[in-house]
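A.B. asks: Pasting a structure below so you can have a look.
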Amino acid sequence: MSVLGDPALQARIDALQAQSVAQEAETGRWFGERIRKGELSWEGFDDASHRFMADKFVALEPIKAEFCYLTCRALRATRVVEVGTSYGVSTHYLAAAVRDNGGGRVIATEYEPAKAAAARANFQAAGISDLIDLREGDLRETLQVIDGPVDFVLMDIWTEMVVPALTLIGPHLRPGAVIVADNTTASRPGYRAFFDYLADPANGLRSMTLPFEGGLEFCVKL
Ligand SMILES: C[S@@+](CC[C@H](N)C(=O)[O-])C[C@H]1O[C@@H](n2cnc3c(N)ncnc32)[C@H](O)[C@@H]1O
């Protein structure tokens, strides 16, 4: 039995994950070439990178998504925010956790219209649409309103968007809420502002880096 315990949903996720994995070699080559030419910066994506990534899944690896599912179950999470949704692969795990906890809402965020449309279709096909509030557009606008205390946040976004997202979500975190942020070791220079945010006692967060591939930050609201 998989961690999700839902073979039909797992089959849908596996098919989407396969599409994501099929894009990885091309993405690796493209960024590798730009790194060799010295064209990339940790300050954020340029227009060429945004254009290239406009149709890329970059789905969270299954083992990390399963960890998020189990953490949401442990927290009895019913209010979840996903920062960076793409085609919605990780959203399936979060929605399943909320459903299995008795119901609730996942706020999902995606600014590429084609990805948001595909994510909506994926949620519909999986029968989980009623659990997801997909907010299309730039998260600096779409996360201005967050209702109720937030139990869990998945931070899976270009690093320059992490602190803008946290600034909006932070005031809504309930004590004991968990934030999971992906690739905090591999993308450490891009996460500098995030670690400064974590180090500020006024923000009331403590964290450790879990040894998943690329590093996965596990942060708890005190
Ligand atoms: C790493 S992907 C998310 C993958 C997703 N969590 C999954 O597992 O399938 C990050 C996504 O964030 C989106 N994104 C980047 N900047 C954004 C912003 N300012 N507002 C909303 N979405 C944004 C990108 O288009 C991209 O699809």
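Following the order of the structure tokens, chains are lettered A, B, ..., residues in each are numbered from 1, and ligands are numbered from 1.
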Listing only residues of range 41-93 of chain A within 12 Å of range 14-19 of chain A, what is the closest atom pair and its distance in Å (to one decimal) for each, using only C-alpha atoms, sorted by chain and residue number ascending, as a tab-separated table?
C.D. replies:
residue	atom	partner	partner_atom	distance
A:Asp55	CA	A:Gln19	CA	11.2
A:Lys56	CA	A:Gln19	CA	9.4
A:Phe57	CA	A:Gln19	CA	7.7
A:Val58	CA	A:Gln17	CA	9.1
A:Ala59	CA	A:Gln17	CA	6.7
A:Leu60	CA	A:Gln17	CA	8.7
A:Glu61	CA	A:Gln17	CA	8.1
A:Pro62	CA	A:Gln17	CA	8.0
A:Ile63	CA	A:Gln17	CA	11.7
A:Ala65	CA	A:Gln17	CA	11.1
A:Ser86	CA	A:Leu16	CA	11.3
A:Tyr87	CA	A:Leu16	CA	8.3
A:Gly88	CA	A:Leu16	CA	8.9
A:Val89	CA	A:Leu16	CA	6.6
A:Ser90	CA	A:Gln17	CA	9.6
A:Thr91	CA	A:Leu16	CA	11.7
A:His92	CA	A:Leu16	CA	10.4
A:Tyr93	CA	A:Asp14	CA	11.7
A.B. asks: So that each row is one residue of range 7-52 of chain A with an atom at most 12 Å from range 118-126 of chain A, can you give its shortest atom pair and the distance in Å to one decimal, using only C-alpha atoms, rows by chain and rising number, as JSON lines?
C.D. replies:
{"residue": "A:Pro7", "atom": "CA", "partner": "A:Ala126", "partner_atom": "CA", "distance": 11.6}
{"residue": "A:Ala8", "atom": "CA", "partner": "A:Ala126", "partner_atom": "CA", "distance": 8.4}
{"residue": "A:Leu9", "atom": "CA", "partner": "A:Ala126", "partner_atom": "CA", "distance": 6.5}
{"residue": "A:Gln10", "atom": "CA", "partner": "A:Ala126", "partner_atom": "CA", "distance": 9.8}
{"residue": "A:Ala11", "atom": "CA", "partner": "A:Ala126", "partner_atom": "CA", "distance": 10.0}
{"residue": "A:Arg12", "atom": "CA", "partner": "A:Ala126", "partner_atom": "CA", "distance": 7.2}
{"residue": "A:Ile13", "atom": "CA", "partner": "A:Ala126", "partner_atom": "CA", "distance": 9.2}
{"residue": "A:Ala15", "atom": "CA", "partner": "A:Asn122", "partner_atom": "CA", "distance": 10.9}
{"residue": "A:Leu16", "atom": "CA", "partner": "A:Asn122", "partner_atom": "CA", "distance": 9.0}
A.B. asks: So that I can check the surroundings of Arg192 in chain A, please list as a VMD selection string every protein, DNA and RNA residue that reaches within 12 Å of it, counting only C-alpha atoms and ignoring chain neighbours fewer than 2 positions away.
C.D. replies: chain A and resid 42 to 43 159 to 163 184 to 185 187 to 190 194 to 199
A.B. asks: Go ahead and dump the residues you just picked, C-alpha atoms, as a compact mmCIF listing (two decimals), in the first residue's frame.
C.D. replies:
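The file below, selection-v9.txt, is the result:
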# COMPACT_ATOMS: atom_id res chain seq x y z
CA TRP A 42 20.52 33.79 -7.83
CA GLU A 43 18.69 37.13 -7.82
CA THR A 159 13.48 31.26 -4.58
CA GLU A 160 12.96 34.99 -5.11
CA MET A 161 9.25 34.48 -4.35
CA VAL A 162 9.74 32.71 -0.99
CA VAL A 163 9.95 35.73 1.31
CA THR A 184 17.18 24.58 0.52
CA THR A 185 20.64 23.00 0.32
CA SER A 187 19.62 26.38 -3.91
CA ARG A 188 21.09 27.82 -0.71
CA PRO A 189 22.31 31.14 -2.25
CA GLY A 190 18.82 31.80 -3.60
CA PHE A 194 14.51 33.03 3.59
CA PHE A 195 17.18 32.02 6.09
CA ASP A 196 17.41 35.64 7.25
CA TYR A 197 13.62 35.54 7.75
CA LEU A 198 13.92 32.28 9.75
CA ALA A 199 16.71 33.75 11.89
A.B. asks: Take CA of Trp158 in chain A and CA of Ala96 in chain A and report the distance between them in Å, one decimal.
C.D. replies: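 Going from CA of Trp158 in chain A over to CA of Ala96 in chain A, I get 24.6 Å.
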A.B. asks: State, in Å with one decimal place, the distance from atom 21 (C, counted along the ligand's line) of ligand 1 to CA of Leu222 in chain A.
C.D. replies: 27.0 Å
A.B. asks: What are the DSSP strand (DSSP E or B) residues of range 95-194 of chain A, as a VMD selection string?
C.D. replies: chain A and resid 105 to 110 132 to 136 150 to 155 173 to 182
A.B. asks: With distances taken over only C-alpha atoms and all ligand atoms, which residue among A:Val3, A:Ala108, A:Leu75, A:Ile179 lies nearest ligand 1?
C.D. replies: A:Ala108
A.B. asks: Of the candidates A:Ala54, A:Ile128, A:Leu166, A:Leu70, which shows the shortest atom-to-atom distance to Ala116 in chain A, using only C-alpha atoms?
C.D. replies: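 Among the listed residues, the smallest separation from Ala116 in chain A belongs to A:Ala54.
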A.B. asks: Just how far from CA of Gly137 in chain A is CA of Trp30 in chain A, in Å to one decimal?
C.D. replies: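 Atom-to-atom, CA of Trp30 in chain A and CA of Gly137 in chain A are spaced 25.7 Å apart.
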A.B. asks: With distances taken over only C-alpha atoms, which of A:Gly176, A:Gly127, A:Gly148, A:Gly38 is nearest to Cys72 in chain A?
C.D. replies: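 Selected residue with least distance to Cys72 in chain A: A:Gly176.
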A.B. asks: Report as a list in words all protein, DNA and RNA residues lying within 9 Å of Cys219 in chain A, evaluated on only C-alpha atoms, omitting residues in the same chain fewer than 6 positions from it.
C.D. replies: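 Here the qualifying residues turn out to be Ala177, Val178, Ile179, Val180, Ala181, Leu198, Leu205, Arg206, Ser207, Met208 and Thr209 of chain A.
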A.B. asks: Output the selection as a PDB file, in the first residue's frame - N, CA and C atoms for each residue.
C.D. replies:
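Writing done, so here's part05.pdb:
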ATOM      1  N   ALA A 177       2.142  25.194  13.299  1.00  0.00           N
ATOM      2  CA  ALA A 177       2.075  25.035  11.841  1.00  0.00           C
ATOM      3  C   ALA A 177       3.457  24.683  11.300  1.00  0.00           C
ATOM      4  N   VAL A 178       3.450  23.989  10.171  1.00  0.00           N
ATOM      5  CA  VAL A 178       4.704  23.560   9.542  1.00  0.00           C
ATOM      6  C   VAL A 178       4.816  24.163   8.145  1.00  0.00           C
ATOM      7  N   ILE A 179       6.024  24.644   7.837  1.00  0.00           N
ATOM      8  CA  ILE A 179       6.353  25.059   6.466  1.00  0.00           C
ATOM      9  C   ILE A 179       7.422  24.096   5.964  1.00  0.00           C
ATOM     10  N   VAL A 180       7.206  23.520   4.794  1.00  0.00           N
ATOM     11  CA  VAL A 180       8.233  22.701   4.141  1.00  0.00           C
ATOM     12  C   VAL A 180       8.692  23.450   2.900  1.00  0.00           C
ATOM     13  N   ALA A 181      10.007  23.663   2.784  1.00  0.00           N
ATOM     14  CA  ALA A 181      10.554  24.385   1.625  1.00  0.00           C
ATOM     15  C   ALA A 181      11.541  23.484   0.890  1.00  0.00           C
ATOM     16  N   LEU A 198      14.004  33.311   8.710  1.00  0.00           N
ATOM     17  CA  LEU A 198      13.919  32.280   9.754  1.00  0.00           C
ATOM     18  C   LEU A 198      14.718  32.691  11.000  1.00  0.00           C
ATOM     19  N   LEU A 205       9.795  31.318  14.063  1.00  0.00           N
ATOM     20  CA  LEU A 205       9.954  30.043  13.366  1.00  0.00           C
ATOM     21  C   LEU A 205      11.277  29.392  13.760  1.00  0.00           C
ATOM     22  N   ARG A 206      11.289  28.071  13.888  1.00  0.00           N
ATOM     23  CA  ARG A 206      12.550  27.315  14.050  1.00  0.00           C
ATOM     24  C   ARG A 206      12.578  26.277  12.945  1.00  0.00           C
ATOM     25  N   SER A 207      13.781  25.970  12.459  1.00  0.00           N
ATOM     26  CA  SER A 207      13.821  25.024  11.345  1.00  0.00           C
ATOM     27  C   SER A 207      15.053  24.137  11.397  1.00  0.00           C
ATOM     28  N   MET A 208      14.968  23.044  10.652  1.00  0.00           N
ATOM     29  CA  MET A 208      16.135  22.208  10.388  1.00  0.00           C
ATOM     30  C   MET A 208      16.039  21.712   8.951  1.00  0.00           C
ATOM     31  N   THR A 209      17.211  21.398   8.390  1.00  0.00           N
ATOM     32  CA  THR A 209      17.237  20.912   7.007  1.00  0.00           C
ATOM     33  C   THR A 209      17.214  19.388   7.025  1.00  0.00           C
TER      34      THR A 209
END
A.B. asks: Please return as a PyMOL selection string: the residues of range 35-222 of chain A that backbone DSSP assigns to alpha helix (DSSP H).
C.D. replies: chain A and resi 35-36+47-53+62-75+89-100+113-126+139-142+162-169+192-199
A.B. asks: Which of these, A:Ala77, A:Ile35, A:Ala186, A:Val106, has the shortest distance to Ile146 in chain A once you count only C-alpha atoms?
C.D. replies: A:Val106
A.B. asks: Kindly indicate which residue among A:Val83, A:Asp100, A:Phe67, A:Leu94 lies nearest to Gly5 in chain A, using only C-alpha atoms for the distances.
C.D. replies: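 Using only C-alpha atoms, the shortest distance to Gly5 in chain A belongs to A:Asp100.
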A.B. asks: With only C-alpha atoms as the counted atoms, please give the residues lying no more than 10 Å from Ala74 in chain A, apart from itself and same-chain residues fewer than 5 positions off, as a PyMOL selection string.
C.D. replies: chain A and resi 68-69+97+101
A.B. asks: Fewer than 6 positions away in the same chain doesn't count, so skip those; otherwise give me all residues within 12 Å of His50 in chain A, counting only C-alpha atoms, as a PyMOL selection string.
C.D. replies: chain A and resi 31+40+44+56+111-112+158
A.B. asks: Output N, CA and C atoms of each residue in that selection to a file, as a PDB file, in the first residue's frame.
C.D. replies:
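Saved result, part_27.pdb, follows:
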ATOM      1  N   PHE A  31      19.649  24.644 -18.459  1.00  0.00           N
ATOM      2  CA  PHE A  31      20.239  25.449 -17.375  1.00  0.00           C
ATOM      3  C   PHE A  31      21.751  25.236 -17.296  1.00  0.00           C
ATOM      4  N   LEU A  40      23.240  33.043 -15.592  1.00  0.00           N
ATOM      5  CA  LEU A  40      22.208  32.927 -14.547  1.00  0.00           C
ATOM      6  C   LEU A  40      22.633  33.624 -13.266  1.00  0.00           C
ATOM      7  N   GLY A  44      17.218  35.943  -9.343  1.00  0.00           N
ATOM      8  CA  GLY A  44      15.903  35.608  -9.884  1.00  0.00           C
ATOM      9  C   GLY A  44      15.999  35.252 -11.350  1.00  0.00           C
ATOM     10  N   LYS A  56       7.042  23.823 -17.986  1.00  0.00           N
ATOM     11  CA  LYS A  56       7.746  22.744 -17.266  1.00  0.00           C
ATOM     12  C   LYS A  56       7.013  22.388 -15.966  1.00  0.00           C
ATOM     13  N   TYR A 111       0.987  31.222 -11.621  1.00  0.00           N
ATOM     14  CA  TYR A 111       0.822  32.416 -12.462  1.00  0.00           C
ATOM     15  C   TYR A 111       0.879  32.144 -13.962  1.00  0.00           C
ATOM     16  N   GLU A 112       1.264  30.940 -14.379  1.00  0.00           N
ATOM     17  CA  GLU A 112       1.253  30.625 -15.817  1.00  0.00           C
ATOM     18  C   GLU A 112      -0.159  30.153 -16.176  1.00  0.00           C
ATOM     19  N   TRP A 158      10.111  29.462  -7.275  1.00  0.00           N
ATOM     20  CA  TRP A 158      11.401  30.110  -7.563  1.00  0.00           C
ATOM     21  C   TRP A 158      11.795  30.872  -6.295  1.00  0.00           C
TER      22      TRP A 158
END
A.B. asks: Nearest residue to Asn203 in chain A out of A:Pro175, A:Asn183, A:Val150, A:Lys115, using only C-alpha atoms?
C.D. replies: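 Among A:Pro175, A:Asn183, A:Val150, A:Lys115, it is A:Pro175 that comes nearest to Asn203 in chain A.
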